[in-house]
Number of protein chains: 2
Amino acid sequence: MIKNIIGNIDFIESLRGKEATFLLSLSNTKTANIAGITQAGIPGMLHLTPTLDAEFVTTGEVRSLENIAKTPKGVPTPALLTRAVHLLKPFKNIELLNLGLEIVPDIKHFKIHNFDINPSESIDKGAFINAMEVFQKGISFATDYDPKSDYVILGESVPSGTTTALATALALGYDAKDKFSSSFKDVPNSIKAQVVEDALSLANQENELFEKLGVTCDNMLLFNAGFILGSMQKDYKVVLAGGTQMACVLLVVNSILKTMDGNIDSSKLALCTTKWVYEDCYSDIEALLKMLDFKIDAYYSQFDFSLSNHPALKLYDNGEAKEGVGAGAALVYGLLNGLTKEQITNKVESFLQ
Amino acid sequence: MIKNIIGNIDFIESLRGKEATFLLSLSNTKTANIAGITQAGIPGMLHLTPTLDAEFVTTGEVRSLENIAKTPKGVPTPALLTRAVHLLKPFKNIELLNLGLEIVPDIKHFKIHNFDINPSESIDKGAFINAMEVFQKGISFATDYDPKSDYVILGESVPSGTTTALATALALGYDAKDKFSSSFKDVPNSIKAQVVEDALSLANQENELFEKLGVTCDNMLLFNAGFILGSMQKDYKVVLAGGTQMACVLLVVNSILKTMDGNIDSSKLALCTTKWVYEDCYSDIEALLKMLDFKIDAYYSQFDFSLSNHPALKLYDNGEAKEGVGAGAALVYGLLNGLTKEQITNKVESFLQ
């Protein structure tokens with residue numbers, strides 16, 4: 001039920017029965033305000049998606065808006081999957097990373113780490129991120145952090161994050177065209193392509209790596225790249241919970257290491273995503289991971305909604321939504337701890353009744 | 001579903017809901033190379049059995065050979081049971097003890113403790129073990145060990161280990177004839193009896209306890225006897241996961257204590273085995289345990305394959321295979337944590353499809 005993308009099965013098998021902390025990195029980029037660029041949220045309310053995802057995963061309630069985030073076609077947020085697993089086999093902790101949110105989640109008793117990071121600007125005009133600063137905040141957080149569990153699952157919710165990821169990978173010189181996922185089945189290529197092209201022409205005016213990154217990135221990409229490098233000095237394992245956006249985090253790490261002539265012991269690091277990302281014919285996560293100069297183990301959960309008749313859930317199997325809010329790694333965590341596809345399906349369906 | 005052999009149910013009930021570390025002691029004795037002495041493995045490849053068992057329990061894959069270890073009649077290794085329980089209700093940790101393996105398991109990310117112990121020789125010519133040294137390695141490992149869980153389940157995979165156990169119990173003067181189990185239903189008594197007789201005649205030329213043990217034992221028996229004595233100084237409980245071989249480990253402890261005029265607080269120690277061992281009419285684990293001068297709680301899982309129609313699994317119910325790789329204690333652990341006979345049966349069957 002857990003399959004390799006690259007590497008072998010040992011890393012993830014060694015986490016069977018272990019306790020995980022779920023860290024959810026949350027950020028807004030104004031790129032999401034460009035009409036038609038993403039369906040990760042409610043039109044006109046896209047900036048609320050990470051806030052609502054965080055509220056729902058932690059409390060089961062959506063507080064900063066009346067209804068849970070749905071896309072225009074009615075695909076519910078992948079947070080449903082993460083929440084379902086958390087109900088059936090709870091994470092040891094859930095903690096939130098505020099990496100520039102418009103609206104802070106309305107929750108108590110859960111730790112929200114704040115880093116004085118602002119939402120970033122739309123990349124077609126330049127993101128205006130102090131990339132080095134955000135990156136270093138990721139390093140120092142990871143260096144100081146004690147997860148009080150056996151490993152960390154690092155998820156994200158960033159509307160239009162695949163657009164910033166694509167622009168970033170291209171700006172760094174990777175052959176990433178047509179390899180990045182989208183929350184859409186039928187990717188709105190013309191809008192996205194124009195935004196990426198505009199961002200790239202701005203980035204190409206810069207010479208320094210971190211200057212380029214400051215134009216094309218969102219805060220999540222930079223902070224998590226720092227988090228990975230910081231965590232390598234600690235003794236906890238890290239599972240990157242996401243698809244092509246998390247692959248882009250690794251590409252950022254790779255480029256920074258090259259620039260600094262550094263290297264990484266990646267044996268404590270892996271990536272987990274969904275079957276929907278792995279099988280997506282509009283993107284190619286395996287190709288992205290193979291561009292790395294270090295080895296990485298990557299996995300996907302075999303979970304799909306073949307046991308469900310719910311029309312909103314069948315959309316996942318048809319290629320909408322695919323991943324986010326750590327859904328793929330949450331599913332892997334559930335499967336590692338004895339949950340069945342049937343249990344998870346039933347729990348997700350219970351949210352939609 | 002969990003039954004007493006001797007003692008009462010309280011020890012094992014106190015472990016309900018607790019987290020267990022599964023330690024698997026692995027060793028080769030060249031006794032297994034004697035034709036027809038064991039069916040725990042593939043003819044000509046018997047030395048690979050503990051290696052393959054360890055690979056399968058940890059990763060679900062058999063790497064040092066193409067197919068999972070089966071006996072000539074097609075009885076698959078009891079590792080199937082241990083793995084099934086681990087998938088349904090994971091152990092907190094699995095760690096391996098290399099007590100003289102021909103081939104080290106091909107796995108990463110799982111701890112393999114190494115002790116510079118070599119495979120032992122065939123007991124009909126004398127095992128040539130430095131018994132005191134191996135025993136003391138067991139003591140010091142247990143004394144230093146921190147399982148990071150509530151208790152330890154100590155299993156074993158040693159091809160032809162019942163032969164070395166029988167020879168050892170007899171060499172120590174216990175009335176152990178016809179009380180030791182075998183991986184066969186129809187025990188090849190003539191071959192086994194001759195090997196044991198040869199070993200005994202060599203052992204009887206020795207006067208010292210540890211000299212005798214060095215002739216008849218395998219490394220597992222000695223190391224685990226040391227482990228038990230070492231662990232008694234610590235605050236974790238130990239479940240010996242096995243049948244008559246683990247009973248022999250206790251007999252070794254008993255003889256050493258007698259020689260040293262020592263005693264043991266055995267209240268943190270118990271033994272768990274399978275129904276197949278308990279009901280075996282060719283052996284008598286209860287009688288072996290009653291020879292001890294200290295009290296011990298011992299249990300068996302009521303699990304059998306009555307819910308399965310798979311011909312290879314029905315062989316267990318007919319008296320083949322019986323125990324190994326901690327299967328009995330793994331089943332008890334599963335039952336203690338709410339697993340049903342049906343769940344376990346289905347999971348084992350899924351490996352054979």
# chains A, B, ... in the order shown; residues from 1 in each chain; ligands from 1
$ closest_atom_pairs --of "region 71-181 of chain B" --to "region 192-204 of chain B" --cutoff "10 Å" --atoms "only C-alpha atoms" --output "tab-separated table"
residue	atom	partner	partner_atom	distance
B:Ser122	CA	B:Ala199	CA	8.8
B:Ile123	CA	B:Ala199	CA	5.3
B:Asp124	CA	B:Ala199	CA	4.5
B:Lys125	CA	B:Ala199	CA	6.7
B:Gly126	CA	B:Ala199	CA	6.2
B:Ala127	CA	B:Ala199	CA	8.5
B:Ser160	CA	B:Lys192	CA	9.5
B:Thr162	CA	B:Lys192	CA	9.6
B:Thr163	CA	B:Lys192	CA	6.6
B:Thr164	CA	B:Val196	CA	7.6
B:Ala165	CA	B:Val196	CA	9.6
B:Leu166	CA	B:Val196	CA	7.4
B:Ala167	CA	B:Val196	CA	5.2
B:Thr168	CA	B:Leu200	CA	8.3
B:Leu170	CA	B:Leu200	CA	7.5
B:Ala171	CA	B:Leu200	CA	6.0
B:Leu172	CA	B:Ala203	CA	9.3
B:Lys177	CA	B:Ala193	CA	9.8
$ write_last_selection --atoms "N, CA and C atoms" --output "PDB file, in the first residue's frame"
ATOM      1  N   SER B 122      29.153 -27.208  14.082  1.00  0.00           N
ATOM      2  CA  SER B 122      28.139 -28.245  14.253  1.00  0.00           C
ATOM      3  C   SER B 122      28.378 -28.981  15.574  1.00  0.00           C
ATOM      4  N   ILE B 123      27.339 -29.133  16.364  1.00  0.00           N
ATOM      5  CA  ILE B 123      27.537 -29.649  17.731  1.00  0.00           C
ATOM      6  C   ILE B 123      27.977 -31.108  17.758  1.00  0.00           C
ATOM      7  N   ASP B 124      27.745 -31.853  16.676  1.00  0.00           N
ATOM      8  CA  ASP B 124      28.197 -33.255  16.717  1.00  0.00           C
ATOM      9  C   ASP B 124      29.718 -33.351  16.724  1.00  0.00           C
ATOM     10  N   LYS B 125      30.367 -32.254  16.319  1.00  0.00           N
ATOM     11  CA  LYS B 125      31.834 -32.187  16.430  1.00  0.00           C
ATOM     12  C   LYS B 125      32.247 -31.191  17.513  1.00  0.00           C
ATOM     13  N   GLY B 126      31.267 -30.597  18.172  1.00  0.00           N
ATOM     14  CA  GLY B 126      31.524 -29.562  19.184  1.00  0.00           C
ATOM     15  C   GLY B 126      31.329 -28.179  18.577  1.00  0.00           C
ATOM     16  N   ALA B 127      30.569 -27.326  19.290  1.00  0.00           N
ATOM     17  CA  ALA B 127      30.186 -26.029  18.710  1.00  0.00           C
ATOM     18  C   ALA B 127      31.336 -25.024  18.703  1.00  0.00           C
ATOM     19  N   SER B 160      17.930 -25.148  12.977  1.00  0.00           N
ATOM     20  CA  SER B 160      18.331 -26.317  13.785  1.00  0.00           C
ATOM     21  C   SER B 160      18.539 -25.946  15.257  1.00  0.00           C
ATOM     22  N   THR B 162      16.388 -26.151  17.652  1.00  0.00           N
ATOM     23  CA  THR B 162      15.819 -27.088  18.630  1.00  0.00           C
ATOM     24  C   THR B 162      16.779 -28.240  18.908  1.00  0.00           C
ATOM     25  N   THR B 163      17.620 -28.567  17.948  1.00  0.00           N
ATOM     26  CA  THR B 163      18.615 -29.629  18.166  1.00  0.00           C
ATOM     27  C   THR B 163      19.669 -29.170  19.177  1.00  0.00           C
ATOM     28  N   THR B 164      20.176 -27.971  18.997  1.00  0.00           N
ATOM     29  CA  THR B 164      21.169 -27.459  19.948  1.00  0.00           C
ATOM     30  C   THR B 164      20.532 -27.250  21.322  1.00  0.00           C
ATOM     31  N   ALA B 165      19.260 -26.860  21.340  1.00  0.00           N
ATOM     32  CA  ALA B 165      18.579 -26.664  22.623  1.00  0.00           C
ATOM     33  C   ALA B 165      18.417 -27.992  23.360  1.00  0.00           C
ATOM     34  N   LEU B 166      18.002 -29.013  22.630  1.00  0.00           N
ATOM     35  CA  LEU B 166      17.846 -30.338  23.250  1.00  0.00           C
ATOM     36  C   LEU B 166      19.181 -30.832  23.804  1.00  0.00           C
ATOM     37  N   ALA B 167      20.227 -30.739  22.988  1.00  0.00           N
ATOM     38  CA  ALA B 167      21.553 -31.202  23.434  1.00  0.00           C
ATOM     39  C   ALA B 167      21.992 -30.432  24.682  1.00  0.00           C
ATOM     40  N   THR B 168      21.717 -29.138  24.685  1.00  0.00           N
ATOM     41  CA  THR B 168      22.139 -28.301  25.817  1.00  0.00           C
ATOM     42  C   THR B 168      21.399 -28.686  27.095  1.00  0.00           C
ATOM     43  N   LEU B 170      20.033 -31.493  27.838  1.00  0.00           N
ATOM     44  CA  LEU B 170      20.498 -32.812  28.298  1.00  0.00           C
ATOM     45  C   LEU B 170      21.889 -32.699  28.919  1.00  0.00           C
ATOM     46  N   ALA B 171      22.757 -31.919  28.307  1.00  0.00           N
ATOM     47  CA  ALA B 171      24.122 -31.765  28.830  1.00  0.00           C
ATOM     48  C   ALA B 171      24.100 -31.147  30.229  1.00  0.00           C
ATOM     49  N   LEU B 172      23.088 -30.311  30.484  1.00  0.00           N
ATOM     50  CA  LEU B 172      22.973 -29.680  31.803  1.00  0.00           C
ATOM     51  C   LEU B 172      22.287 -30.596  32.816  1.00  0.00           C
ATOM     52  N   LYS B 177      14.510 -35.318  27.471  1.00  0.00           N
ATOM     53  CA  LYS B 177      14.270 -36.206  26.323  1.00  0.00           C
ATOM     54  C   LYS B 177      12.790 -36.172  25.931  1.00  0.00           C
TER      55      LYS B 177
END
$ residues_around --residues "region 229-237 of chain A" --least-positions-apart "6" --cutoff "9 Å" --atoms "only C-alpha atoms" --output "list in words"
Gln136, Gly138, Ile139, Ser140, Phe141, Ala142, Thr143, Asp144, Tyr145, Asp146, Pro147, Ser149, Asp150, Tyr151, Val152, Ile153, Val253, Ile264, Asp265, Ser266, Ser267, Lys268, Leu269 and Ala270 of chain A
$ interface_residues --of "chain B" --to "chain A" --cutoff "9 Å" --atoms "only C-alpha atoms" --output "count of residues only"
17
$ residues_around --residues "Gln245 (chain A)" --least-positions-apart "3" --cutoff "12 Å" --atoms "only C-alpha atoms" --output "PDB file with C-alpha atoms, in the first residue's frame"
ATOM      1  CA  LEU A 154       6.271  18.683   7.095  1.00  0.00           C
ATOM      2  CA  GLY A 155       3.193  19.661   5.060  1.00  0.00           C
ATOM      3  CA  GLU A 156       2.104  22.887   3.391  1.00  0.00           C
ATOM      4  CA  SER A 157      -0.872  24.889   2.297  1.00  0.00           C
ATOM      5  CA  VAL A 158       0.019  27.678  -0.141  1.00  0.00           C
ATOM      6  CA  PRO A 159      -2.566  28.663  -2.769  1.00  0.00           C
ATOM      7  CA  SER A 160      -0.945  28.932  -6.215  1.00  0.00           C
ATOM      8  CA  GLY A 161       2.137  27.293  -4.766  1.00  0.00           C
ATOM      9  CA  THR A 162       2.704  25.142  -7.848  1.00  0.00           C
ATOM     10  CA  THR A 163       3.032  28.307  -9.936  1.00  0.00           C
ATOM     11  CA  THR A 164       5.711  29.763  -7.679  1.00  0.00           C
ATOM     12  CA  ALA A 165       7.404  26.360  -7.520  1.00  0.00           C
ATOM     13  CA  LEU A 166       7.507  26.058 -11.315  1.00  0.00           C
ATOM     14  CA  ALA A 167       8.865  29.599 -11.699  1.00  0.00           C
ATOM     15  CA  THR A 168      11.490  28.924  -9.050  1.00  0.00           C
ATOM     16  CA  ALA A 169      12.700  25.649 -10.557  1.00  0.00           C
ATOM     17  CA  ALA A 176      11.252  21.698 -15.135  1.00  0.00           C
ATOM     18  CA  LYS A 179       6.927  18.673 -14.750  1.00  0.00           C
ATOM     19  CA  PHE A 180       4.959  20.623 -12.149  1.00  0.00           C
ATOM     20  CA  SER A 181       1.569  19.631 -10.844  1.00  0.00           C
ATOM     21  CA  SER A 182      -1.516  21.778 -10.580  1.00  0.00           C
ATOM     22  CA  SER A 183      -4.665  21.674  -8.484  1.00  0.00           C
ATOM     23  CA  CYS A 217       9.526  31.973  -4.588  1.00  0.00           C
ATOM     24  CA  ASP A 218       6.856  31.836  -1.969  1.00  0.00           C
ATOM     25  CA  ASN A 219       7.928  31.873   1.676  1.00  0.00           C
ATOM     26  CA  MET A 220       7.194  28.169   2.155  1.00  0.00           C
ATOM     27  CA  LEU A 221       9.792  27.128  -0.433  1.00  0.00           C
ATOM     28  CA  LEU A 222      12.532  29.167   1.215  1.00  0.00           C
ATOM     29  CA  ASN A 224      11.393  24.725   4.256  1.00  0.00           C
ATOM     30  CA  ALA A 225      14.664  24.622   2.316  1.00  0.00           C
ATOM     31  CA  LEU A 240       8.397  16.151   3.281  1.00  0.00           C
ATOM     32  CA  ALA A 241       4.653  15.913   2.850  1.00  0.00           C
ATOM     33  CA  GLY A 242       3.767  17.054  -0.610  1.00  0.00           C
ATOM     34  CA  CYS A 248      10.923  22.192  -5.609  1.00  0.00           C
ATOM     35  CA  VAL A 249      11.964  22.736  -1.981  1.00  0.00           C
ATOM     36  CA  LEU A 250      14.549  20.014  -2.598  1.00  0.00           C
ATOM     37  CA  LEU A 251      15.679  21.687  -5.822  1.00  0.00           C
ATOM     38  CA  VAL A 252      16.172  24.928  -3.882  1.00  0.00           C
ATOM     39  CA  LEU A 271       9.291  12.697   0.527  1.00  0.00           C
ATOM     40  CA  CYS A 272       5.759  11.264   0.545  1.00  0.00           C
ATOM     41  CA  THR A 273       2.980  12.213  -1.802  1.00  0.00           C
ATOM     42  CA  VAL A 277       0.464  13.184  -7.980  1.00  0.00           C
ATOM     43  CA  SER A 283       3.561  16.581 -14.187  1.00  0.00           C
ATOM     44  CA  ASP A 284       6.542  14.377 -13.383  1.00  0.00           C
ATOM     45  CA  ILE A 285       7.678  14.318  -9.771  1.00  0.00           C
ATOM     46  CA  LEU A 288      12.178  16.432 -10.648  1.00  0.00           C
ATOM     47  CA  LEU A 289      13.611  14.242  -7.882  1.00  0.00           C
ATOM     48  CA  GLU A 323      -2.322  16.804  -2.998  1.00  0.00           C
ATOM     49  CA  GLY A 324      -1.881  19.446  -0.296  1.00  0.00           C
ATOM     50  CA  VAL A 325      -2.014  19.932   3.475  1.00  0.00           C
ATOM     51  CA  GLY A 326       0.292  16.928   3.786  1.00  0.00           C
TER      52      GLY A 326
END
$ atom_distance --atom1 "CA of Asp106 (chain B)" --atom2 "CA of Gly328 (chain A)"
27.6 Å
$ residues_around --residues "Val134 (chain B)" --least-positions-apart "3" --cutoff "6 Å" --atoms "only C-alpha atoms" --output "VMD selection string"
chain B and resid 131 137 223
$ atom_distance --atom1 "CA of Cys281 (chain A)" --atom2 "CA of Ile5 (chain A)"
14.8 Å
$ select_by_dssp --residues "region 103-273 of chain B" --states "alpha helix (DSSP H)" --output "MDAnalysis selection string"
chainID B and resid 131:144 161:171 189:203 209:216 219:231 244:260
$ select_by_dssp --residues "region 253-331 of chain A" --states "strand (DSSP E or B)" --output "PyMOL selection string"
chain A and resi 269-274+297-301
$ write_last_selection --atoms "C-alpha atoms" --output "PDB file, in the first residue's frame"
ATOM      1  CA  LEU A 269      15.026  12.808   4.778  1.00  0.00           C
ATOM      2  CA  ALA A 270      12.287  11.469   2.507  1.00  0.00           C
ATOM      3  CA  LEU A 271       9.291  12.697   0.527  1.00  0.00           C
ATOM      4  CA  CYS A 272       5.759  11.264   0.545  1.00  0.00           C
ATOM      5  CA  THR A 273       2.980  12.213  -1.802  1.00  0.00           C
ATOM      6  CA  THR A 274      -0.293  10.879  -3.164  1.00  0.00           C
ATOM      7  CA  ASP A 297      13.815   8.159  -0.831  1.00  0.00           C
ATOM      8  CA  ALA A 298      10.376   9.093  -2.108  1.00  0.00           C
ATOM      9  CA  TYR A 299       7.061   7.298  -1.723  1.00  0.00           C
ATOM     10  CA  TYR A 300       3.394   7.548  -2.543  1.00  0.00           C
ATOM     11  CA  SER A 301       0.371   6.107  -0.806  1.00  0.00           C
TER      12      SER A 301
END
$ closest_residue --among "B:Ala321, B:Leu99, B:Ala247, B:Leu315" --to "Glu286 (chain B)" --atoms "only C-alpha atoms"
B:Ala247
$ closest_residue --among "B:Asn189, B:Leu46, B:Asn207, B:Ala32" --to "Glu121 (chain B)" --atoms "only C-alpha atoms"
B:Ala32
$ residues_around --residues "Tyr316 (chain A)" --least-positions-apart "6" --cutoff "8 Å" --atoms "only C-alpha atoms" --output "list in words"
Val75, Trp276, Asp304, Phe305 and Lys322 of chain A
$ atom_distance --atom1 "CA of Ala20 (chain A)" --atom2 "CA of Thr82 (chain B)"
23.4 Å
$ residues_around --residues "Lys347 (chain A)" --least-positions-apart "5" --cutoff "9 Å" --atoms "only C-alpha atoms" --output "list in words"
Leu80, Leu81, Arg83, Ala84, Val85, Leu87, Leu88 and Glu342 of chain A
